[in-house]
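Asker: Handing over query_8.cif, mmCIF, C-alpha atoms.
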```cif
data_query
loop_
_atom_site.label_atom_id
_atom_site.label_comp_id
_atom_site.auth_asym_id
_atom_site.auth_seq_id
_atom_site.Cartn_x
_atom_site.Cartn_y
_atom_site.Cartn_z
CA MET A 1 91.09 108.87 97.32
CA ASN A 2 89.41 105.77 95.88
CA THR A 3 86.69 104.10 97.90
CA LEU A 4 86.20 100.32 97.97
CA TYR A 5 82.69 99.14 98.82
CA ILE A 6 82.28 95.50 99.93
CA GLU A 7 78.95 93.66 99.72
CA PRO A 8 79.21 90.04 100.98
CA PHE A 9 75.68 88.88 100.18
CA SER A 10 75.92 85.23 101.23
CA GLY A 11 79.26 84.79 102.94
CA LEU A 12 82.94 85.40 102.43
CA SER A 13 85.98 83.37 101.38
CA GLY A 14 89.43 83.89 99.95
CA ASP A 15 88.53 82.81 96.42
CA MET A 16 85.46 85.07 96.42
CA PHE A 17 87.72 88.03 97.27
CA LEU A 18 90.22 86.92 94.64
CA GLY A 19 87.59 86.61 91.91
CA ALA A 20 86.01 89.99 92.69
CA LEU A 21 89.37 91.79 92.85
CA CYS A 22 90.41 90.21 89.54
CA GLY A 23 87.20 91.43 87.96
CA LEU A 24 87.60 94.90 89.40
CA LEU A 25 91.12 95.24 87.94
CA GLU A 26 90.70 93.00 84.89
CA ALA A 27 93.65 91.02 86.22
CA TYR A 28 92.65 87.44 85.39
CA ASP A 29 95.55 86.94 82.96
CA ASP A 30 98.06 88.38 85.42
CA LEU A 31 96.97 85.96 88.12
CA GLU A 32 97.70 82.86 86.08
CA GLY A 33 101.46 83.41 86.54
CA LEU A 34 101.28 83.86 90.32
CA PRO A 35 102.17 80.22 91.25
CA GLN A 36 105.49 80.62 89.43
CA LYS A 37 106.16 83.98 91.11
CA LEU A 38 105.63 82.25 94.46
CA ASN A 39 107.82 79.30 93.51
CA LEU A 40 104.81 77.01 93.87
CA PRO A 41 104.87 74.95 90.65
CA ASP A 42 102.32 72.56 92.20
CA GLY A 43 99.65 75.27 91.94
CA ARG A 44 97.60 76.18 88.90
CA VAL A 45 95.04 78.96 88.44
CA GLU A 46 91.90 78.05 86.52
CA ILE A 47 89.28 80.63 85.57
CA THR A 48 85.77 79.54 84.67
CA SER A 49 82.51 81.33 83.98
CA VAL A 50 79.64 80.61 86.39
CA GLU A 51 76.11 81.89 86.97
CA LYS A 52 74.69 82.71 90.41
CA ASN A 53 71.00 83.61 90.44
CA GLY A 54 71.34 85.14 87.00
CA ILE A 55 74.63 86.94 87.77
CA VAL A 56 77.27 85.73 85.32
CA CYS A 57 80.77 86.08 86.75
CA ARG A 58 84.15 84.38 86.66
CA HIS A 59 85.37 82.03 89.36
CA VAL A 60 89.09 81.93 90.13
CA ASN A 61 89.95 78.41 91.23
CA VAL A 62 93.42 77.56 92.49
CA VAL A 63 94.20 73.89 91.92
CA ASP A 64 96.69 72.09 94.14
CA LEU A 65 98.35 69.61 91.80
CA ASN A 66 99.47 67.52 94.79
CA GLU A 67 95.87 66.54 95.40
CA PRO A 68 94.45 63.54 93.60
CA THR A 69 91.06 65.26 93.32
CA ASN A 70 92.55 68.64 92.28
CA ALA A 71 89.90 70.23 94.49
CA HIS A 72 90.05 73.81 95.72
CA HIS A 73 89.73 74.20 99.47
CA ASP A 74 88.90 77.72 100.49
CA HIS A 75 85.44 77.92 98.94
CA GLY A 76 83.83 78.33 102.30
CA HIS A 77 80.67 76.59 101.19
CA LYS A 78 81.02 72.83 101.41
CA HIS A 79 79.96 72.67 105.01
CA GLU A 80 78.34 69.30 105.05
CA HIS A 81 81.78 67.71 105.37
CA PRO A 82 83.63 67.20 108.64
CA HIS A 83 86.39 69.59 109.60
CA HIS A 84 89.98 68.49 109.90
CA HIS A 85 92.35 68.64 112.84
CA HIS A 86 94.89 71.32 113.52
CA LYS A 87 98.25 69.82 114.51
CA HIS A 88 100.93 71.50 116.61
CA ASP A 89 104.52 70.82 117.67
CA GLU A 90 103.38 69.46 121.01
CA GLY A 91 101.85 66.49 119.23
CA HIS A 92 98.33 67.39 120.29
CA SER A 93 95.48 67.36 117.86
CA HIS A 94 92.94 70.16 117.93
CA SER A 95 89.74 70.63 116.04
CA HIS A 96 90.45 72.61 112.92
CA SER A 97 88.42 75.70 112.24
CA HIS A 98 88.59 75.66 108.46
CA ASP A 99 85.90 74.44 106.15
CA HIS A 100 87.43 72.04 103.69
CA PRO A 101 85.86 68.91 102.29
CA HIS A 102 88.75 66.53 101.81
CA SER A 103 91.05 64.60 104.12
CA HIS A 104 94.19 63.92 102.17
CA VAL A 105 97.88 64.76 102.25
CA HIS A 106 99.35 67.90 100.70
CA GLY A 107 102.61 66.31 99.70
CA SER A 108 105.75 67.89 101.11
CA HIS A 109 103.91 71.12 101.89
CA GLU A 110 101.56 69.81 104.54
CA HIS A 111 101.56 71.62 107.91
CA ARG A 112 103.77 74.60 107.10
CA HIS A 113 104.79 76.82 109.98
CA LEU A 114 104.01 80.51 109.69
CA SER A 115 107.77 81.13 109.27
CA GLU A 116 107.82 78.86 106.21
CA ILE A 117 104.95 80.77 104.65
CA ILE A 118 106.73 84.06 105.38
CA ASP A 119 109.85 82.71 103.63
CA LEU A 120 107.76 81.85 100.57
CA ILE A 121 106.36 85.37 100.51
CA ASP A 122 109.76 87.01 101.04
CA ASN A 123 111.18 85.10 98.06
CA ALA A 124 108.20 85.75 95.80
CA ASP A 125 108.46 87.92 92.70
CA ILE A 126 105.96 90.54 93.95
CA THR A 127 106.21 94.11 95.20
CA ASP A 128 107.37 94.96 98.71
CA SER A 129 103.91 96.35 99.50
CA ALA A 130 102.23 93.12 98.37
CA ARG A 131 104.65 91.14 100.56
CA LYS A 132 103.76 93.33 103.54
CA ILE A 133 100.01 92.90 102.97
CA SER A 134 100.35 89.12 102.53
CA LYS A 135 102.31 88.73 105.76
CA GLU A 136 99.89 90.90 107.72
CA ILE A 137 96.95 88.74 106.61
CA PHE A 138 98.77 85.53 107.57
CA GLN A 139 99.73 87.09 110.90
CA LEU A 140 96.05 87.80 111.60
CA ILE A 141 95.20 84.15 110.97
CA GLY A 142 98.15 82.93 113.02
CA LYS A 143 97.22 85.16 115.95
CA ALA A 144 93.64 83.87 115.89
CA GLU A 145 94.78 80.23 115.80
CA SER A 146 97.30 80.89 118.56
CA GLU A 147 94.67 82.37 120.87
CA VAL A 148 92.11 79.65 120.16
CA HIS A 149 94.52 76.77 120.78
CA ASN A 150 96.62 78.53 123.44
CA ILE A 151 99.76 77.69 121.47
CA PRO A 152 102.59 80.18 120.71
CA ILE A 153 102.18 81.46 117.17
CA GLU A 154 105.63 80.23 116.10
CA LYS A 155 104.75 76.65 117.11
CA ILE A 156 101.50 76.35 115.19
CA HIS A 157 101.55 74.07 112.18
CA PHE A 158 99.11 75.54 109.69
CA HIS A 159 97.22 72.85 107.83
CA GLU A 160 94.69 73.82 105.16
CA ILE A 161 95.55 77.50 105.39
CA SER A 162 99.13 76.62 104.38
CA ALA A 163 98.04 74.62 101.34
CA VAL A 164 98.99 75.85 97.88
CA ASP A 165 95.50 77.14 97.08
CA SER A 166 95.10 79.16 100.27
CA ILE A 167 98.57 80.72 99.91
CA ILE A 168 97.82 81.77 96.35
CA ASP A 169 94.39 83.10 97.37
CA ILE A 170 95.89 85.32 100.07
CA VAL A 171 98.96 86.48 98.14
CA GLY A 172 96.86 87.03 95.02
CA CYS A 173 94.47 89.24 96.98
CA ALA A 174 97.44 91.10 98.49
CA VAL A 175 98.91 91.78 95.04
CA LEU A 176 95.59 93.17 93.80
CA ILE A 177 94.90 95.21 96.96
CA ASP A 178 98.36 96.74 96.51
CA ARG A 179 97.48 97.57 92.90
CA LEU A 180 94.32 99.38 94.02
CA GLY A 181 96.49 101.81 95.97
CA SER A 182 95.34 103.98 98.85
CA LEU A 183 91.75 103.17 99.76
CA THR A 184 88.96 104.07 102.10
CA THR A 185 86.98 100.86 102.58
CA TYR A 186 83.32 100.45 103.48
CA SER A 187 81.46 97.17 103.97
CA GLU A 188 78.00 95.83 104.52
CA PRO A 189 77.64 93.34 107.43
CA VAL A 190 78.78 89.77 106.80
CA CYS A 191 76.48 86.74 106.81
CA VAL A 192 78.23 84.05 108.89
CA GLY A 193 75.52 81.36 108.94
CA HIS A 194 74.43 79.50 112.06
CA GLY A 195 74.09 76.09 113.63
CA MET A 196 76.80 73.54 114.34
CA VAL A 197 79.50 71.99 112.21
CA ASP A 198 80.55 68.37 112.72
CA THR A 199 84.29 67.90 113.28
CA GLN A 200 86.40 64.91 114.25
CA HIS A 201 86.33 66.26 117.81
CA GLY A 202 82.56 66.71 117.87
CA LEU A 203 80.25 69.59 117.16
CA LEU A 204 81.52 73.16 117.01
CA PRO A 205 79.42 76.31 116.80
CA ILE A 206 79.30 78.42 113.65
CA PRO A 207 81.36 80.47 113.10
CA ALA A 208 84.14 78.11 114.17
CA PRO A 209 86.50 79.38 116.90
CA ALA A 210 89.38 80.81 114.82
CA THR A 211 86.98 82.41 112.37
CA ALA A 212 85.02 83.91 115.26
CA LYS A 213 88.26 85.45 116.57
CA LEU A 214 88.95 87.01 113.20
CA LEU A 215 85.40 88.36 113.02
CA GLN A 216 85.72 90.28 116.28
CA GLY A 217 84.97 93.94 115.54
CA ILE A 218 83.28 93.05 112.24
CA HIS A 219 79.55 93.57 111.85
CA CYS A 220 77.92 90.15 111.31
CA TYR A 221 74.51 88.53 111.11
CA LYS A 222 73.45 84.87 111.06
CA GLY A 223 71.17 84.78 108.02
CA ASP A 224 68.23 82.47 107.41
CA GLU A 225 70.02 79.33 106.21
CA LYS A 226 71.99 76.97 108.42
CA GLY A 227 75.60 76.28 107.58
CA GLU A 228 78.99 77.93 107.67
CA ARG A 229 79.45 80.91 105.38
CA VAL A 230 82.78 82.53 106.28
CA THR A 231 86.25 81.02 105.99
CA PRO A 232 89.24 82.19 108.03
CA THR A 233 90.88 83.45 104.84
CA GLY A 234 87.87 85.56 103.90
CA ALA A 235 87.56 86.91 107.44
CA ALA A 236 91.28 87.75 107.61
CA ILE A 237 91.29 89.64 104.30
CA LEU A 238 88.26 91.66 105.41
CA LYS A 239 89.88 92.37 108.77
CA TYR A 240 93.03 93.57 107.06
CA LEU A 241 91.00 96.01 104.94
CA ASN A 242 89.54 97.40 108.21
CA PRO A 243 86.30 98.64 106.66
CA ILE A 244 83.83 101.19 107.97
CA PHE A 245 80.45 99.47 108.39
CA GLU A 246 78.24 102.10 106.82
CA SER A 247 76.56 102.57 103.45
CA PRO A 248 78.25 105.55 101.79
CA THR A 249 76.77 107.76 99.11
CA LEU A 250 79.10 106.53 96.42
CA LYS A 251 79.68 107.49 92.80
CA ILE A 252 80.51 104.02 91.49
CA ASP A 253 83.01 103.75 88.65
CA ARG A 254 82.98 99.96 88.33
CA SER A 255 81.87 96.78 90.11
CA ALA A 256 82.82 93.12 89.94
CA TYR A 257 81.61 89.83 91.43
CA GLY A 258 83.50 86.96 93.01
CA PRO A 259 81.42 83.76 93.21
CA GLY A 260 81.53 80.98 95.79
CA LYS A 261 81.06 77.31 94.94
CA LYS A 262 77.84 76.47 96.71
CA ASP A 263 74.36 77.73 95.83
CA PHE A 264 72.11 79.40 98.37
CA ILE A 265 68.69 81.00 98.18
CA GLY A 266 70.36 84.35 97.62
CA PRO A 267 73.22 84.96 95.17
CA ASN A 268 76.40 83.42 96.53
CA VAL A 269 78.66 86.22 95.33
CA LEU A 270 80.83 88.94 96.78
CA ARG A 271 80.40 92.29 95.04
CA LEU A 272 83.21 94.82 95.17
CA SER A 273 82.68 98.36 93.87
CA LEU A 274 85.24 101.07 93.31
CA GLY A 275 84.31 104.74 93.24
CA THR A 276 84.42 108.05 95.06
CA ILE A 277 82.41 109.41 97.94
CA SER A 278 80.05 112.15 96.82
CA GLN A 279 80.53 115.53 98.47
CA ALA A 280 77.05 115.28 99.96
CA SER A 281 78.14 112.31 102.05
CA SER A 282 81.53 113.62 103.10
CA ALA A 283 80.13 112.50 106.35
CA ILE A 284 79.70 115.25 108.90
CA TYR A 285 78.67 113.87 112.26
CA SER A 286 76.95 115.46 115.21
CA VAL A 287 78.58 114.16 118.39
CA GLU A 288 76.71 114.57 121.67
CA THR A 289 77.00 113.64 125.31
CA ASN A 290 75.23 114.73 128.50
CA LEU A 291 77.42 115.77 131.43
CA ASP A 292 75.87 116.12 134.88
CA ASP A 293 78.93 115.50 137.02
CA SER A 294 81.68 117.52 135.32
CA SER A 295 83.08 120.70 136.78
CA SER A 296 82.54 123.66 134.46
CA GLU A 297 86.18 124.70 134.76
CA LEU A 298 87.21 121.34 133.25
CA LEU A 299 85.21 122.30 130.16
CA GLY A 300 86.96 125.66 129.84
CA SER A 301 89.37 127.12 127.31
CA ASP A 302 92.03 124.39 127.53
CA PHE A 303 89.49 121.62 126.93
CA GLN A 304 87.87 123.55 124.10
CA ALA A 305 91.17 124.30 122.38
CA GLN A 306 92.20 120.64 122.54
CA LEU A 307 88.79 119.53 121.23
CA LEU A 308 89.38 121.66 118.13
CA GLU A 309 92.89 120.23 117.80
CA GLN A 310 91.41 116.72 117.74
CA GLY A 311 89.38 117.66 114.67
CA ALA A 312 86.10 119.11 115.95
CA ILE A 313 84.74 121.48 113.30
CA ASP A 314 82.66 123.35 115.85
CA PHE A 315 81.09 122.72 119.24
CA THR A 316 78.63 124.12 121.74
CA LEU A 317 78.05 123.69 125.46
CA THR A 318 74.42 124.11 126.48
CA GLN A 319 73.15 124.21 130.02
CA ALA A 320 70.62 121.43 130.62
CA LEU A 321 68.46 120.10 133.42
CA MET A 322 69.28 116.43 133.79
CA LYS A 323 67.35 113.60 135.40
CA LYS A 324 66.63 113.95 139.13
CA GLY A 325 66.78 117.71 138.65
CA ARG A 326 70.57 117.81 138.42
CA PRO A 327 72.09 120.76 136.50
CA GLY A 328 74.36 119.71 133.68
CA HIS A 329 75.65 120.43 130.19
CA LEU A 330 74.92 119.11 126.72
CA LEU A 331 78.21 118.96 124.82
CA SER A 332 77.62 118.98 121.06
CA ALA A 333 80.37 118.88 118.44
CA LEU A 334 80.64 118.50 114.68
CA ALA A 335 83.29 116.20 113.21
CA SER A 336 84.18 114.80 109.82
CA HIS A 337 84.19 111.05 109.33
CA GLU A 338 88.00 111.03 109.38
CA ASP A 339 88.12 112.82 112.74
CA LEU A 340 85.07 111.18 114.34
CA LYS A 341 87.05 108.60 116.34
CA SER A 342 89.64 111.06 117.65
CA VAL A 343 86.93 113.53 118.72
CA CYS A 344 84.89 110.83 120.48
CA ASP A 345 87.96 109.36 122.15
CA PHE A 346 89.09 112.78 123.36
CA ILE A 347 85.70 113.50 124.94
CA LEU A 348 85.62 110.11 126.65
CA GLU A 349 89.16 110.55 127.97
CA ASN A 350 88.75 114.13 129.19
CA THR A 351 85.23 114.32 130.59
CA THR A 352 83.14 112.21 132.94
CA ALA A 353 81.06 110.91 130.01
CA ILE A 354 80.64 107.14 129.86
CA GLY A 355 79.02 107.13 126.45
CA ILE A 356 78.63 109.22 123.31
CA ARG A 357 75.97 109.29 120.63
CA TYR A 358 76.74 110.38 117.10
CA TYR A 359 74.83 110.47 113.87
CA PRO A 360 75.37 111.82 110.35
CA VAL A 361 73.93 115.24 109.62
CA SER A 362 73.48 117.26 106.46
CA ARG A 363 74.52 120.84 106.18
CA LYS A 364 74.56 123.59 103.58
CA ILE A 365 77.51 125.95 103.69
CA LEU A 366 78.11 129.21 101.87
CA ASP A 367 80.94 129.66 99.41
CA ARG A 368 83.78 131.39 101.19
CA THR A 369 87.23 132.82 100.67
CA GLU A 370 89.87 134.02 103.10
CA GLU A 371 92.48 136.70 102.52
CA ALA A 372 94.96 138.72 104.51
CA VAL A 373 93.90 142.39 104.46
CA SER A 374 96.38 145.17 105.15
CA THR A 375 94.94 147.92 107.35
CA GLU A 376 96.39 151.03 108.93
CA PHE A 377 96.71 148.98 112.13
CA GLY A 378 98.26 145.85 110.64
CA THR A 379 97.44 142.70 108.65
CA ILE A 380 94.22 140.89 109.56
CA ARG A 381 92.69 137.77 108.05
CA VAL A 382 89.22 138.37 106.67
CA LYS A 383 86.70 135.73 105.60
CA THR A 384 84.25 136.64 102.83
CA VAL A 385 81.11 134.55 102.30
CA THR A 386 78.67 134.71 99.40
CA THR A 387 74.95 134.22 100.08
CA PRO A 388 72.64 132.30 97.67
CA SER A 389 71.50 135.61 96.17
CA GLY A 390 75.07 136.69 95.49
CA LYS A 391 75.53 139.17 98.34
CA GLU A 392 78.83 139.22 100.19
CA ARG A 393 79.52 139.42 103.91
CA ARG A 394 82.90 139.99 105.51
CA LYS A 395 84.10 138.79 108.89
CA ALA A 396 87.47 139.48 110.45
CA GLU A 397 89.12 136.69 112.42
CA TYR A 398 88.78 137.41 116.12
CA GLU A 399 92.28 136.21 117.03
CA ASP A 400 93.81 138.69 114.59
CA LEU A 401 91.55 141.49 115.84
CA SER A 402 92.56 140.80 119.44
CA ARG A 403 96.28 140.67 118.62
CA VAL A 404 96.29 143.88 116.58
CA ALA A 405 94.00 145.78 118.99
CA LYS A 406 96.32 145.07 121.93
CA LYS A 407 99.37 146.07 119.91
CA GLN A 408 97.87 149.32 118.60
CA GLY A 409 95.92 150.28 121.71
CA VAL A 410 92.52 150.40 119.99
CA SER A 411 89.30 148.61 120.85
CA ILE A 412 88.40 145.37 119.13
CA MET A 413 84.97 146.80 118.25
CA GLU A 414 86.49 149.84 116.54
CA LEU A 415 88.89 147.67 114.59
CA LYS A 416 86.17 145.22 113.61
CA GLN A 417 83.86 147.96 112.32
CA SER A 418 86.63 149.60 110.31
CA ILE A 419 87.26 146.35 108.43
CA GLU A 420 83.82 144.78 108.07
CA GLY A 421 82.10 148.09 107.39
CA SER A 422 84.46 149.05 104.57
#
```
Will you turn the file into structure tokens for me?

Answerer:
Amino acid sequence: MNTLYIEPFSGLSGDMFLGALCGLLEAYDDLEGLPQKLNLPDGRVEITSVEKNGIVCRHVNVVDLNEPTNAHHDHGHKHEHPHHHHKHDEGHSHSHSHDHPHSHVHGSHEHRHLSEIIDLIDNADITDSARKISKEIFQLIGKAESEVHNIPIEKIHFHEISAVDSIIDIVGCAVLIDRLGSLTTYSEPVCVGHGMVDTQHGLLPIPAPATAKLLQGIHCYKGDEKGERVTPTGAAILKYLNPIFESPTLKIDRSAYGPGKKDFIGPNVLRLSLGTISQASSAIYSVETNLDDSSSELLGSDFQAQLLEQGAIDFTLTQALMKKGRPGHLLSALASHEDLKSVCDFILENTTAIGIRYYPVSRKILDRTEEAVSTEFGTIRVKTVTTPSGKERRKAEYEDLSRVAKKQGVSIMELKQSIEGS
């Protein structure tokens, strides 16, 4: 499975994602026809070459032809300008959480409802998967706005996020994410900026409320420079990708950069890399918890069998002397990255533990094969391992030994020796 690695050095926005995905897939030419596929003739895609701290990359700018300035909105980096208002059916006006520098009308497309945007997507000339991704991203934004303003999602009038440029940014990213296929996604933490942003309803903290909702569960840091770094579109796309916030050991096949408009001390680019996880980092985790108030019988065979079913590779229970002299157990398990959550959740649900610690571990394993061996007593699975010097060791599976021994009326030890000693 391909692995996507996200590095948002100075912030995150929809056009930064779009530029980096285009570079990763060499899809700049394909994107130019997207406004027509979306039945948005008032949108135009312009691609220009820019330099950010010596990094030369291509910026994908979606121009809304309804706007007299032909300015692109979702840059995420023109934060010295006041925010707009977010209007709703009730006629109230709420401070808008999006970072856009102009205060003009978007022609007949101003203040689309979410349902109108969904209709646009449903009628677009894109794949079903790309439609699904697009709608999920817009739903994430709508849910965040709904919770912030305490307005039902179907009654919210989107403003800037429903403009031509933002729609093309999101749908364009969805089309390219779909083209990447099945992915495991990793990301570095996101710089969100800090301070206050001036809106027509007064000062708001950075990140602004809807963006902060979208960033819940995402690893963030403030950075050294004041100002707003993350747009709702950028946050929603990242949230959809649901990345793991770790640095994998990755064999990178290719990388691409998506630039933002503004310049910071550091490079204002998003780097996306595509590659495969090396076998050395096929993350094996040691999972541990201390138990000083669990009955031993609750940790018996049923619990152990279910722990293995949840994906534990192996586990041990060690008697331990806990604080205040209480007797207890140290439960230790090994789990792959894919099964880490299910193993941790199972332990938390089925023991008295209130917390778990886990950390990646390295291991060296011997080459091994397994075969079914026919014996005079019956068929038994036998595992053969090869040591570094080339010697072989054989081990019969205990479950098979137990089953056959009971059936044939022989001891497990006798059966084991007859197989492993041969």

Asker: Report, in Å to a single decimal, how far apart CA of Val361 (chain A) and CA of Lys323 (chain A) are.

Answerer: 26.7 Å

Asker: What separation in Å, quoted to one decimal, exists between CA of Leu291 (chain A) and CA of Asn350 (chain A)?

Answerer: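 According to the coordinates, CA of Leu291 (chain A) and CA of Asn350 (chain A) are separated by 11.7 Å.
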
Asker: Excluding same-chain residues fewer than 6 positions from region 37-43 of chain A, what lies within 8 Å of it counting all atoms listed in the file, as a PyMOL selection string?

Answerer: chain A and resi 62-66+120-121+123-126+164-165

Asker: Okay, now the selection with C-alpha atoms, as a PDB file, keeping the file's coordinate frame?

Answerer:
```
ATOM      1  CA  VAL A  62      93.420  77.560  92.490  1.00  0.00           C
ATOM      2  CA  VAL A  63      94.200  73.890  91.920  1.00  0.00           C
ATOM      3  CA  ASP A  64      96.690  72.090  94.140  1.00  0.00           C
ATOM      4  CA  LEU A  65      98.350  69.610  91.800  1.00  0.00           C
ATOM      5  CA  ASN A  66      99.470  67.520  94.790  1.00  0.00           C
ATOM      6  CA  LEU A 120     107.760  81.850 100.570  1.00  0.00           C
ATOM      7  CA  ILE A 121     106.360  85.370 100.510  1.00  0.00           C
ATOM      8  CA  ASN A 123     111.180  85.100  98.060  1.00  0.00           C
ATOM      9  CA  ALA A 124     108.200  85.750  95.800  1.00  0.00           C
ATOM     10  CA  ASP A 125     108.460  87.920  92.700  1.00  0.00           C
ATOM     11  CA  ILE A 126     105.960  90.540  93.950  1.00  0.00           C
ATOM     12  CA  VAL A 164      98.990  75.850  97.880  1.00  0.00           C
ATOM     13  CA  ASP A 165      95.500  77.140  97.080  1.00  0.00           C
TER      14      ASP A 165
END
```

Asker: Hey, what comes out of the PyMOL selection byres ((chain A and resi 254) around 8) on this file? Could you write it as a PDB file with C-alpha atoms, in the frame of the given file?

Answerer:
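Resulting contents of part29.pdb:
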```pdb
ATOM      1  CA  LEU A  24      87.600  94.900  89.400  1.00  0.00           C
ATOM      2  CA  ILE A 252      80.510 104.020  91.490  1.00  0.00           C
ATOM      3  CA  ASP A 253      83.010 103.750  88.650  1.00  0.00           C
ATOM      4  CA  SER A 255      81.870  96.780  90.110  1.00  0.00           C
ATOM      5  CA  ALA A 256      82.820  93.120  89.940  1.00  0.00           C
ATOM      6  CA  SER A 273      82.680  98.360  93.870  1.00  0.00           C
ATOM      7  CA  LEU A 274      85.240 101.070  93.310  1.00  0.00           C
ATOM      8  CA  GLY A 275      84.310 104.740  93.240  1.00  0.00           C
TER       9      GLY A 275
END
```

Asker: Spell out the residues picked by the PyMOL selection byres ((chain A and resi 293-306) around 10) here, as a list in words.

Answerer: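 Matching residues under the PyMOL selection byres ((chain A and resi 293-306) around 10) are Asn290, Leu291, Asp292, Leu307, Leu308, Glu309, Gln310, Gly311, Ala312, Asp314, Phe315, Thr316, Leu317, Arg326, Pro327, Gly328, His329, Leu331, Val343, Phe346, Ile347, Asn350, Thr351, Thr352 and Ala353 of chain A.
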
Asker: Let me make sure I understand: among A:Gly390, A:Gly142, A:Gly260, A:Gly202, which one has the smallest atom-to-atom distance to Met16 (chain A) if we use all atoms listed in the file?

Answerer: A:Gly260

Asker: Run the PyMOL selection byres ((chain A and resi 221-224) around 7) against the file shown and list the residues it catches, as a list of chain:residue names.

Answerer: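 With the shown file as input, the PyMOL selection byres ((chain A and resi 221-224) around 7) matches A:Pro189, A:Val190, A:Cys191, A:Val192, A:Gly193, A:His194, A:Cys220, A:Glu225, A:Lys226.
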